[in-house]
>>> print(open('final37.cif').read())   # mmCIF, C-alpha atoms and all ligand atoms
data_data
loop_
_atom_site.group_PDB
_atom_site.id
_atom_site.type_symbol
_atom_site.label_atom_id
_atom_site.label_comp_id
_atom_site.auth_asym_id
_atom_site.auth_seq_id
_atom_site.Cartn_x
_atom_site.Cartn_y
_atom_site.Cartn_z
ATOM 1 C CA MET O 1 105.285 32.972 181.418
ATOM 2 C CA GLY O 2 107.948 31.347 179.260
ATOM 3 C CA LYS O 3 110.318 33.349 177.173
ATOM 4 C CA TYR O 4 110.081 32.974 173.430
ATOM 5 C CA VAL O 5 112.719 33.318 170.740
ATOM 6 C CA ILE O 6 112.193 34.127 167.086
ATOM 7 C CA GLY O 7 114.622 32.514 164.662
ATOM 8 C CA VAL O 8 115.097 33.888 161.153
ATOM 9 C CA ASP O 9 117.005 31.907 158.559
ATOM 10 C CA VAL O 10 117.904 34.113 155.602
ATOM 11 C CA GLY O 11 118.642 31.984 152.549
ATOM 12 C CA GLY O 12 119.241 32.756 148.894
ATOM 13 C CA THR O 13 115.934 31.025 147.978
ATOM 14 C CA ASN O 14 113.689 31.358 151.034
ATOM 15 C CA ILE O 15 113.568 33.283 154.282
ATOM 16 C CA LYS O 16 112.266 31.012 157.030
ATOM 17 C CA LEU O 17 110.983 32.233 160.379
ATOM 18 C CA GLY O 18 110.132 30.201 163.454
ATOM 19 C CA LEU O 19 108.851 30.920 166.928
ATOM 20 C CA ALA O 20 110.303 28.696 169.675
ATOM 21 C CA ASP O 21 109.031 28.533 173.241
ATOM 22 C CA ALA O 22 111.177 28.121 176.364
ATOM 23 C CA ARG O 23 110.950 24.315 176.047
ATOM 24 C CA LEU O 24 112.441 24.520 172.545
ATOM 25 C CA ASN O 25 109.241 23.575 170.765
ATOM 26 C CA VAL O 26 108.959 25.389 167.471
ATOM 27 C CA ILE O 27 105.322 26.435 167.857
ATOM 28 C CA ASP O 28 104.843 28.399 164.663
ATOM 29 C CA ARG O 29 106.709 28.951 161.427
ATOM 30 C CA THR O 30 106.413 30.806 158.186
ATOM 31 C CA LYS O 31 108.481 31.484 155.081
ATOM 32 C CA PHE O 32 108.606 33.683 152.015
ATOM 33 C CA ALA O 33 110.583 33.751 148.754
ATOM 34 C CA THR O 34 113.764 35.847 148.921
ATOM 35 C CA GLU O 35 113.527 36.672 145.216
ATOM 36 C CA CYS O 36 110.446 38.904 145.607
ATOM 37 C CA PHE O 37 112.338 41.319 147.881
ATOM 38 C CA ALA O 38 115.952 40.781 146.836
ATOM 39 C CA SER O 39 116.370 43.854 144.605
ATOM 40 C CA ASP O 40 117.123 46.116 147.571
ATOM 41 C CA PRO O 41 118.138 45.320 151.173
ATOM 42 C CA THR O 42 115.547 47.837 152.467
ATOM 43 C CA PHE O 43 112.682 45.841 150.897
ATOM 44 C CA LEU O 44 113.977 42.619 152.403
ATOM 45 C CA ILE O 45 114.480 44.118 155.875
ATOM 46 C CA ASN O 46 110.969 45.635 155.816
ATOM 47 C CA GLU O 47 109.466 42.273 154.861
ATOM 48 C CA ILE O 48 111.420 40.421 157.583
ATOM 49 C CA ALA O 49 110.173 42.967 160.157
ATOM 50 C CA LYS O 50 106.595 42.634 158.859
ATOM 51 C CA GLN O 51 106.706 38.825 159.046
ATOM 52 C CA ILE O 52 108.162 38.919 162.581
ATOM 53 C CA SER O 53 105.374 41.267 163.695
ATOM 54 C CA SER O 54 102.654 39.055 162.246
ATOM 55 C CA LEU O 55 104.234 35.942 163.820
ATOM 56 C CA ILE O 56 104.066 37.684 167.210
ATOM 57 C CA GLU O 57 100.539 38.983 166.646
ATOM 58 C CA ARG O 58 98.954 35.756 165.524
ATOM 59 C CA ASN O 59 100.394 33.881 168.518
ATOM 60 C CA ALA O 60 99.164 36.634 170.862
ATOM 61 C CA ILE O 61 102.516 37.032 172.607
ATOM 62 C CA SER O 62 103.471 40.272 174.282
ATOM 63 C CA ASP O 63 106.815 41.765 173.222
ATOM 64 C CA ARG O 64 108.202 41.574 176.756
ATOM 65 C CA ASN O 65 107.877 37.787 176.662
ATOM 66 C CA ILE O 66 110.230 37.570 173.715
ATOM 67 C CA SER O 67 113.888 37.206 174.726
ATOM 68 C CA GLY O 68 115.162 38.123 171.307
ATOM 69 C CA ILE O 69 115.394 37.512 167.606
ATOM 70 C CA GLY O 70 118.272 35.399 166.277
ATOM 71 C CA ILE O 71 119.030 35.850 162.595
ATOM 72 C CA GLY O 72 121.230 33.601 160.466
ATOM 73 C CA LEU O 73 122.601 35.092 157.245
ATOM 74 C CA PRO O 74 124.483 33.411 154.378
ATOM 75 C CA GLY O 75 127.684 35.437 154.437
ATOM 76 C CA ILE O 76 130.067 37.377 156.631
ATOM 77 C CA VAL O 77 128.456 38.804 159.744
ATOM 78 C CA ASP O 78 130.082 40.940 162.439
ATOM 79 C CA HIS O 79 127.952 39.634 165.307
ATOM 80 C CA SER O 80 129.531 41.932 167.906
ATOM 81 C CA LYS O 81 128.610 45.122 166.039
ATOM 82 C CA GLY O 82 125.437 43.637 164.518
ATOM 83 C CA ILE O 83 126.546 44.451 160.971
ATOM 84 C CA VAL O 84 126.106 42.261 157.895
ATOM 85 C CA ARG O 85 129.432 42.682 156.100
ATOM 86 C CA PHE O 86 128.688 40.847 152.861
ATOM 87 C CA LEU O 87 126.219 38.349 151.422
ATOM 88 C CA PRO O 88 127.622 36.795 148.204
ATOM 89 C CA ASN O 89 124.259 35.528 146.911
ATOM 90 C CA ILE O 90 121.870 38.384 147.759
ATOM 91 C CA SER O 91 122.590 41.665 145.999
ATOM 92 C CA GLY O 92 123.275 44.946 147.766
ATOM 93 C CA TRP O 93 124.171 43.537 151.174
ATOM 94 C CA LYS O 94 127.343 45.278 152.196
ATOM 95 C CA ASP O 95 127.974 46.756 155.668
ATOM 96 C CA ILE O 96 124.299 46.869 156.656
ATOM 97 C CA PRO O 97 123.632 47.556 160.372
ATOM 98 C CA LEU O 98 120.766 45.047 160.471
ATOM 99 C CA LYS O 99 120.708 44.698 164.268
ATOM 100 C CA LYS O 100 120.167 48.428 164.802
ATOM 101 C CA ILE O 101 117.571 48.710 162.036
ATOM 102 C CA LEU O 102 115.465 45.772 163.279
ATOM 103 C CA GLU O 103 115.718 46.778 166.956
ATOM 104 C CA LYS O 104 114.493 50.269 166.070
ATOM 105 C CA LYS O 105 111.606 48.908 164.003
ATOM 106 C CA LEU O 106 110.485 46.188 166.411
ATOM 107 C CA GLY O 107 111.706 47.187 169.889
ATOM 108 C CA ILE O 108 113.053 43.646 170.440
ATOM 109 C CA ARG O 109 116.711 42.666 170.865
ATOM 110 C CA ALA O 110 118.196 41.184 167.692
ATOM 111 C CA CYS O 111 121.351 39.033 167.371
ATOM 112 C CA LEU O 112 123.024 38.257 164.058
ATOM 113 C CA GLU O 113 125.153 35.287 163.085
ATOM 114 C CA ASN O 114 126.397 33.468 160.015
ATOM 115 C CA ASP O 115 123.749 30.885 159.033
ATOM 116 C CA VAL O 116 126.001 27.820 159.309
ATOM 117 C CA ASN O 117 127.324 29.046 162.674
ATOM 118 C CA LEU O 118 123.723 29.223 163.856
ATOM 119 C CA ILE O 119 123.117 25.624 162.713
ATOM 120 C CA ALA O 120 126.329 24.561 164.487
ATOM 121 C CA LEU O 121 125.137 26.208 167.732
ATOM 122 C CA GLY O 122 121.778 24.418 167.457
ATOM 123 C CA GLU O 123 123.313 20.990 166.771
ATOM 124 C CA TRP O 124 125.902 21.524 169.499
ATOM 125 C CA LYS O 125 123.460 22.379 172.289
ATOM 126 C CA PHE O 126 120.386 20.381 171.279
ATOM 127 C CA GLY O 127 121.291 17.961 168.486
ATOM 128 C CA ALA O 128 124.066 15.656 167.332
ATOM 129 C CA GLY O 129 126.838 17.541 169.170
ATOM 130 C CA ARG O 130 125.424 17.538 172.697
ATOM 131 C CA LYS O 131 128.040 17.386 175.489
ATOM 132 C CA VAL O 132 130.907 17.718 173.014
ATOM 133 C CA GLU O 133 133.539 20.451 173.441
ATOM 134 C CA ASN O 134 135.210 20.194 170.035
ATOM 135 C CA MET O 135 133.109 19.650 166.950
ATOM 136 C CA VAL O 136 132.831 20.596 163.314
ATOM 137 C CA CYS O 137 129.318 20.939 161.895
ATOM 138 C CA MET O 138 129.477 20.558 158.125
ATOM 139 C CA THR O 139 126.599 21.443 155.789
ATOM 140 C CA LEU O 140 126.353 19.885 152.351
ATOM 141 C CA GLY O 141 123.973 21.666 149.997
ATOM 142 C CA THR O 142 124.186 24.200 147.168
ATOM 143 C CA GLY O 143 127.114 25.516 149.136
ATOM 144 C CA VAL O 144 129.419 23.590 151.433
ATOM 145 C CA GLY O 145 130.149 25.202 154.785
ATOM 146 C CA SER O 146 130.914 24.517 158.397
ATOM 147 C CA GLY O 147 130.622 25.919 161.877
ATOM 148 C CA LEU O 148 133.368 25.265 164.412
ATOM 149 C CA ILE O 149 132.871 24.667 168.121
ATOM 150 C CA LEU O 150 136.340 24.707 169.683
ATOM 151 C CA ASN O 151 136.987 24.278 173.401
ATOM 152 C CA GLY O 152 133.298 24.743 174.128
ATOM 153 C CA SER O 153 132.595 27.891 172.179
ATOM 154 C CA LEU O 154 131.825 29.015 168.654
ATOM 155 C CA TYR O 155 134.995 29.947 166.754
ATOM 156 C CA ARG O 156 134.321 32.805 164.338
ATOM 157 C CA GLY O 157 137.833 33.779 163.248
ATOM 158 C CA TYR O 158 139.521 37.193 163.377
ATOM 159 C CA SER O 159 137.223 38.799 160.803
ATOM 160 C CA PHE O 160 134.271 36.400 161.231
ATOM 161 C CA SER O 161 134.810 34.188 158.194
ATOM 162 C CA ALA O 162 136.126 30.988 159.805
ATOM 163 C CA GLY O 163 134.693 27.626 158.783
ATOM 164 C CA GLU O 164 134.697 27.981 154.977
ATOM 165 C CA LEU O 165 135.229 24.264 154.584
ATOM 166 C CA GLY O 166 133.772 24.298 151.058
ATOM 167 C CA HIS O 167 136.694 26.423 149.921
ATOM 168 C CA ILE O 168 139.463 24.177 151.117
ATOM 169 C CA PRO O 169 141.318 23.222 147.925
ATOM 170 C CA ILE O 170 141.488 19.480 147.331
ATOM 171 C CA ASN O 171 143.165 19.774 143.919
ATOM 172 C CA GLU O 172 145.322 22.743 143.011
ATOM 173 C CA GLU O 173 144.526 22.289 139.339
ATOM 174 C CA GLY O 174 140.845 21.476 139.838
ATOM 175 C CA PRO O 175 137.785 23.216 138.339
ATOM 176 C CA VAL O 176 137.098 26.904 138.896
ATOM 177 C CA CYS O 177 135.003 27.571 141.998
ATOM 178 C CA GLY O 178 132.326 30.194 142.725
ATOM 179 C CA CYS O 179 134.811 31.903 145.082
ATOM 180 C CA GLY O 180 137.206 32.525 142.169
ATOM 181 C CA SER O 181 139.758 29.922 143.189
ATOM 182 C CA TYR O 182 140.352 26.439 141.768
ATOM 183 C CA GLY O 183 139.701 22.925 142.960
ATOM 184 C CA CYS O 184 137.820 23.811 146.162
ATOM 185 C CA LEU O 185 135.777 21.051 147.829
ATOM 186 C CA GLU O 186 132.579 22.895 146.832
ATOM 187 C CA SER O 187 133.589 22.780 143.170
ATOM 188 C CA TYR O 188 133.386 18.971 143.481
ATOM 189 C CA VAL O 189 130.516 18.327 145.885
ATOM 190 C CA GLY O 190 128.324 21.451 145.843
ATOM 191 C CA ASN O 191 124.795 20.370 144.834
ATOM 192 C CA LYS O 192 124.970 21.772 141.283
ATOM 193 C CA ARG O 193 128.359 20.195 140.591
ATOM 194 C CA LEU O 194 127.108 16.848 141.841
ATOM 195 C CA VAL O 195 124.121 17.011 139.476
ATOM 196 C CA LEU O 196 126.465 17.863 136.564
ATOM 197 C CA ARG O 197 128.767 14.996 137.462
ATOM 198 C CA ALA O 198 125.793 12.631 137.765
ATOM 199 C CA SER O 199 124.533 13.581 134.297
ATOM 200 C CA GLU O 200 128.022 12.949 132.869
ATOM 201 C CA MET O 201 128.241 9.543 134.496
ATOM 202 C CA ILE O 202 124.710 8.336 133.883
ATOM 203 C CA ASN O 203 124.095 10.013 130.502
ATOM 204 C CA ASP O 204 120.723 11.455 131.451
ATOM 205 C CA PRO O 205 120.198 15.249 131.176
ATOM 206 C CA ASP O 206 117.250 15.083 133.612
ATOM 207 C CA ILE O 207 119.142 13.287 136.336
ATOM 208 C CA SER O 208 118.667 14.497 139.915
ATOM 209 C CA LEU O 209 120.355 13.540 143.182
ATOM 210 C CA GLU O 210 117.079 11.907 144.249
ATOM 211 C CA LYS O 211 117.272 9.680 141.158
ATOM 212 C CA MET O 212 120.922 8.871 141.904
ATOM 213 C CA HIS O 213 119.865 7.919 145.422
ATOM 214 C CA ALA O 214 117.113 5.607 144.117
ATOM 215 C CA LEU O 215 119.497 4.018 141.590
ATOM 216 C CA ALA O 216 122.147 3.413 144.252
ATOM 217 C CA LYS O 217 119.496 1.828 146.468
ATOM 218 C CA LYS O 218 118.740 -0.642 143.682
ATOM 219 C CA GLY O 219 122.454 -1.456 143.482
ATOM 220 C CA ASN O 220 123.195 0.411 140.228
ATOM 221 C CA ARG O 221 126.980 0.307 139.947
ATOM 222 C CA THR O 222 127.409 3.719 138.297
ATOM 223 C CA ALA O 223 125.269 5.373 140.966
ATOM 224 C CA LEU O 224 127.220 3.649 143.757
ATOM 225 C CA LYS O 225 130.465 4.786 142.118
ATOM 226 C CA PHE O 226 129.094 8.331 141.877
ATOM 227 C CA TRP O 227 128.366 8.502 145.633
ATOM 228 C CA ASP O 228 131.671 6.860 146.457
ATOM 229 C CA GLU O 229 133.517 9.478 144.411
ATOM 230 C CA ALA O 230 131.667 12.319 146.216
ATOM 231 C CA ALA O 231 132.373 10.742 149.614
ATOM 232 C CA THR O 232 136.061 10.378 148.730
ATOM 233 C CA HIS O 233 136.292 14.109 147.953
ATOM 234 C CA ILE O 234 134.529 15.002 151.227
ATOM 235 C CA GLY O 235 136.740 12.542 153.110
ATOM 236 C CA HIS O 236 139.926 14.131 151.752
ATOM 237 C CA ALA O 237 138.888 17.619 152.841
ATOM 238 C CA LEU O 238 137.989 16.211 156.262
ATOM 239 C CA VAL O 239 141.419 14.553 156.594
ATOM 240 C CA GLY O 240 142.804 18.101 156.636
ATOM 241 C CA VAL O 241 140.184 19.190 159.159
ATOM 242 C CA VAL O 242 140.870 16.215 161.445
ATOM 243 C CA ASN O 243 144.629 16.769 161.331
ATOM 244 C CA MET O 244 144.248 20.502 161.876
ATOM 245 C CA LEU O 245 141.592 20.654 164.604
ATOM 246 C CA ASN O 246 141.468 17.222 166.273
ATOM 247 C CA PRO O 247 137.657 17.347 166.667
ATOM 248 C CA GLN O 248 135.775 14.810 168.747
ATOM 249 C CA ARG O 249 132.813 14.825 166.388
ATOM 250 C CA ILE O 250 132.013 15.869 162.833
ATOM 251 C CA VAL O 251 128.291 16.472 162.378
ATOM 252 C CA ILE O 252 127.143 16.438 158.747
ATOM 253 C CA GLY O 253 123.861 18.026 157.652
ATOM 254 C CA GLY O 254 122.292 19.763 154.644
ATOM 255 C CA GLY O 255 120.263 18.297 151.772
ATOM 256 C CA VAL O 256 123.061 16.214 150.225
ATOM 257 C CA SER O 257 123.620 14.476 153.586
ATOM 258 C CA ASN O 258 120.270 12.692 153.079
ATOM 259 C CA ASN O 259 122.411 10.291 151.043
ATOM 260 C CA HIS O 260 124.392 9.372 154.164
ATOM 261 C CA GLU O 261 123.954 5.640 153.574
ATOM 262 C CA PHE O 262 126.126 5.952 150.452
ATOM 263 C CA LEU O 263 128.526 8.560 151.850
ATOM 264 C CA PHE O 264 129.461 8.033 155.489
ATOM 265 C CA LYS O 265 131.212 4.682 155.221
ATOM 266 C CA THR O 266 133.647 5.956 152.585
ATOM 267 C CA ILE O 267 134.168 9.297 154.368
ATOM 268 C CA HIS O 268 135.044 7.377 157.521
ATOM 269 C CA ALA O 269 137.357 4.996 155.630
ATOM 270 C CA VAL O 270 139.266 7.847 153.922
ATOM 271 C CA ILE O 271 139.801 9.571 157.283
ATOM 272 C CA GLN O 272 140.969 6.360 158.937
ATOM 273 C CA LYS O 273 143.346 5.645 156.078
ATOM 274 C CA LYS O 274 144.808 9.107 155.525
ATOM 275 C CA ALA O 275 144.504 11.229 158.670
ATOM 276 C CA MET O 276 147.041 10.974 161.482
ATOM 277 C CA LYS O 277 146.317 8.112 163.844
ATOM 278 C CA VAL O 278 145.866 10.067 167.080
ATOM 279 C CA PRO O 279 143.077 12.394 165.820
ATOM 280 C CA ALA O 280 141.601 9.780 163.410
ATOM 281 C CA SER O 281 141.113 7.240 166.199
ATOM 282 C CA VAL O 282 138.848 9.517 168.250
ATOM 283 C CA VAL O 283 136.735 11.379 165.696
ATOM 284 C CA LYS O 284 133.141 10.273 165.077
ATOM 285 C CA ILE O 285 131.250 11.147 161.913
ATOM 286 C CA VAL O 286 127.518 11.525 162.581
ATOM 287 C CA ARG O 287 124.397 12.890 160.908
ATOM 288 C CA ALA O 288 122.878 16.185 161.992
ATOM 289 C CA GLN O 289 119.717 15.625 164.029
ATOM 290 C CA LEU O 290 117.720 18.832 163.932
ATOM 291 C CA GLY O 291 116.990 19.163 160.199
ATOM 292 C CA ASN O 292 115.302 22.446 159.283
ATOM 293 C CA ASP O 293 114.910 23.451 162.932
ATOM 294 C CA ALA O 294 118.675 23.660 163.567
ATOM 295 C CA GLY O 295 118.826 27.370 162.706
ATOM 296 C CA ILE O 296 115.795 28.256 164.853
ATOM 297 C CA LEU O 297 117.185 26.337 167.841
ATOM 298 C CA GLY O 298 120.594 27.896 167.148
ATOM 299 C CA ALA O 299 118.860 31.283 167.418
ATOM 300 C CA HIS O 300 117.713 30.166 170.872
ATOM 301 C CA VAL O 301 121.346 29.485 171.882
ATOM 302 C CA LEU O 302 122.532 32.765 170.377
ATOM 303 C CA VAL O 303 119.901 34.882 172.132
ATOM 304 C CA HIS O 304 120.215 33.162 175.524
ATOM 305 C CA GLU O 305 123.777 32.017 175.921
ATOM 306 C CA HIS O 306 126.139 33.089 173.221
ATOM 307 C CA LYS O 307 125.743 36.832 172.992
HETATM 308 ZN ZN ZN U 401 136.021 28.049 146.435
#
>>> encode(input="final37.cif", output="structure tokens")
Amino acid sequence: MGKYVIGVDVGGTNIKLGLADARLNVIDRTKFATECFASDPTFLINEIAKQISSLIERNAISDRNISGIGIGLPGIVDHSKGIVRFLPNISGWKDIPLKKILEKKLGIRACLENDVNLIALGEWKFGAGRKVENMVCMTLGTGVGSGLILNGSLYRGYSFSAGELGHIPINEEGPVCGCGSYGCLESYVGNKRLVLRASEMINDPDISLEKMHALAKKGNRTALKFWDEAATHIGHALVGVVNMLNPQRIVIGGGVSNNHEFLFKTIHAVIQKKAMKVPASVVKIVRAQLGNDAGILGAHVLVHEHK
């Protein structure tokens, strides 16, 4: 009998759960709105446990055939102690021993990880970073983050907060950022900022990134300029990353990366022009391959290999 893994992706909007079999097929999935349970961590934990139990029940799997539960959380996670240190976008989450609580409730081993680290593990083992020892997996969405695979293992940093690529300053006098600092990459290319910038440029209060994509596809000059500007900002932050880490591959995912056809060429050009020649000549910029399943497959890596 194959061993199953349950992946849980805790997001500020939705909590997504998936059941993967030993062949990495995601055979069942479910999700629920975070908002309904966000007032207290206890409510949210109880709901996660309830949803895990019903996922197991409706697939008629015995608990002993489940290798573990891998949980990705949007914040700082001490994976070794199984404690969620802090979630900036879900209230009340400070120093919560989630691993212990879930293991007691469910009797199944639970592993915790930062959500972008989980995506990086998935892309590294099964997606766009296969067979690569040094890679940066960048996510472009409401937030901008990254997971770092260095010398063939996940780099978490001394207090587990490494990879905050969205908070690399690209302009010391730039706009105020959600983190409290100024001019961070995220304050230029986080989803909400991009929509604001688009409405400024195109003079349409109902503009969306989907509309900007469609306009650029038709050759609209303002829309093309908008994407070029975003790509230039991303490229500049990545010049620092390339010079600092000398990665072999930079994998870019997240909702905003669906506009890759208007982003990647400029990102690549900025890196080639501004980064040092030795690291710039080897780095490849590629799209993430696993989409929404990256976190669930990352849970598979976490539970089986990366304890
Ligand atoms: Zn910031």
>>> residues_around(input="final37.cif", residues="Gly157 of chain O", least_positions_apart="6", cutoff="12 Å", atoms="only C-alpha atoms", output="compact mmCIF listing (two decimals) with C-alpha atoms, in the frame of the given file")
# COMPACT_ATOMS: atom_id res chain seq x y z
CA ILE O 76 130.07 37.38 156.63
CA VAL O 77 128.46 38.80 159.74
CA ASP O 78 130.08 40.94 162.44
CA HIS O 79 127.95 39.63 165.31
CA ASN O 114 126.40 33.47 160.01
CA ASN O 117 127.32 29.05 162.67
CA GLY O 147 130.62 25.92 161.88
CA LEU O 148 133.37 25.26 164.41
CA ILE O 149 132.87 24.67 168.12
CA LEU O 150 136.34 24.71 169.68
CA GLY O 163 134.69 27.63 158.78
CA GLU O 164 134.70 27.98 154.98
>>> residues_near_ligand(input="final37.cif", ligand="ligand ZN 401 (chain U)", cutoff="12 Å", atoms="only C-alpha atoms and all ligand atoms", output="list in words")
Gly143, Val144, Gly145, Glu164, Leu165, Gly166, His167, Ile168, Pro169, Ile170, Asn171, Glu172, Gly174, Pro175, Val176, Cys177, Gly178, Cys179, Gly180, Ser181, Tyr182, Gly183, Cys184, Leu185, Glu186, Ser187, Tyr188, Val189 and Gly190 of chain O
>>> resolve_selection(input="final37.cif", expression="the PyMOL selection byres (((chain O and resi 89) around 8) and not hetatm)", output="PyMOL selection string")
chain O and resi 12+74+87-88+90-91
>>> closest_atom_pairs(input="final37.cif", of="segment 43-132 of chain O", to="segment 284-300 of chain O", cutoff="8 Å", atoms="all atoms listed in the file", output="CSV")
residue,atom,partner,partner_atom,distance
O:Ile69,CA,O:Ala299,CA,7.1
O:Gly70,CA,O:Ala299,CA,4.3
O:Ile71,CA,O:Ala299,CA,6.6
O:Gly72,CA,O:Gly295,CA,7.0
O:Asp115,CA,O:Gly295,CA,7.1
O:Val116,CA,O:Gly295,CA,8.0
O:Leu118,CA,O:Gly298,CA,4.7
O:Ile119,CA,O:Gly295,CA,4.6
O:Ala120,CA,O:Gly298,CA,7.1
O:Leu121,CA,O:Gly298,CA,4.9
O:Gly122,CA,O:Gly298,CA,3.7
O:Glu123,CA,O:Ala294,CA,6.2
O:Phe126,CA,O:Leu297,CA,7.6
O:Gly127,CA,O:Gln289,CA,5.3
O:Ala128,CA,O:Gln289,CA,5.5
>>> resolve_selection(input="final37.cif", expression="the PyMOL selection byres (((chain O and resi 64) around 12) and not hetatm)", output="VMD selection string")
chain O and resid 1 to 5 56 60 to 63 65 to 68 106 to 109
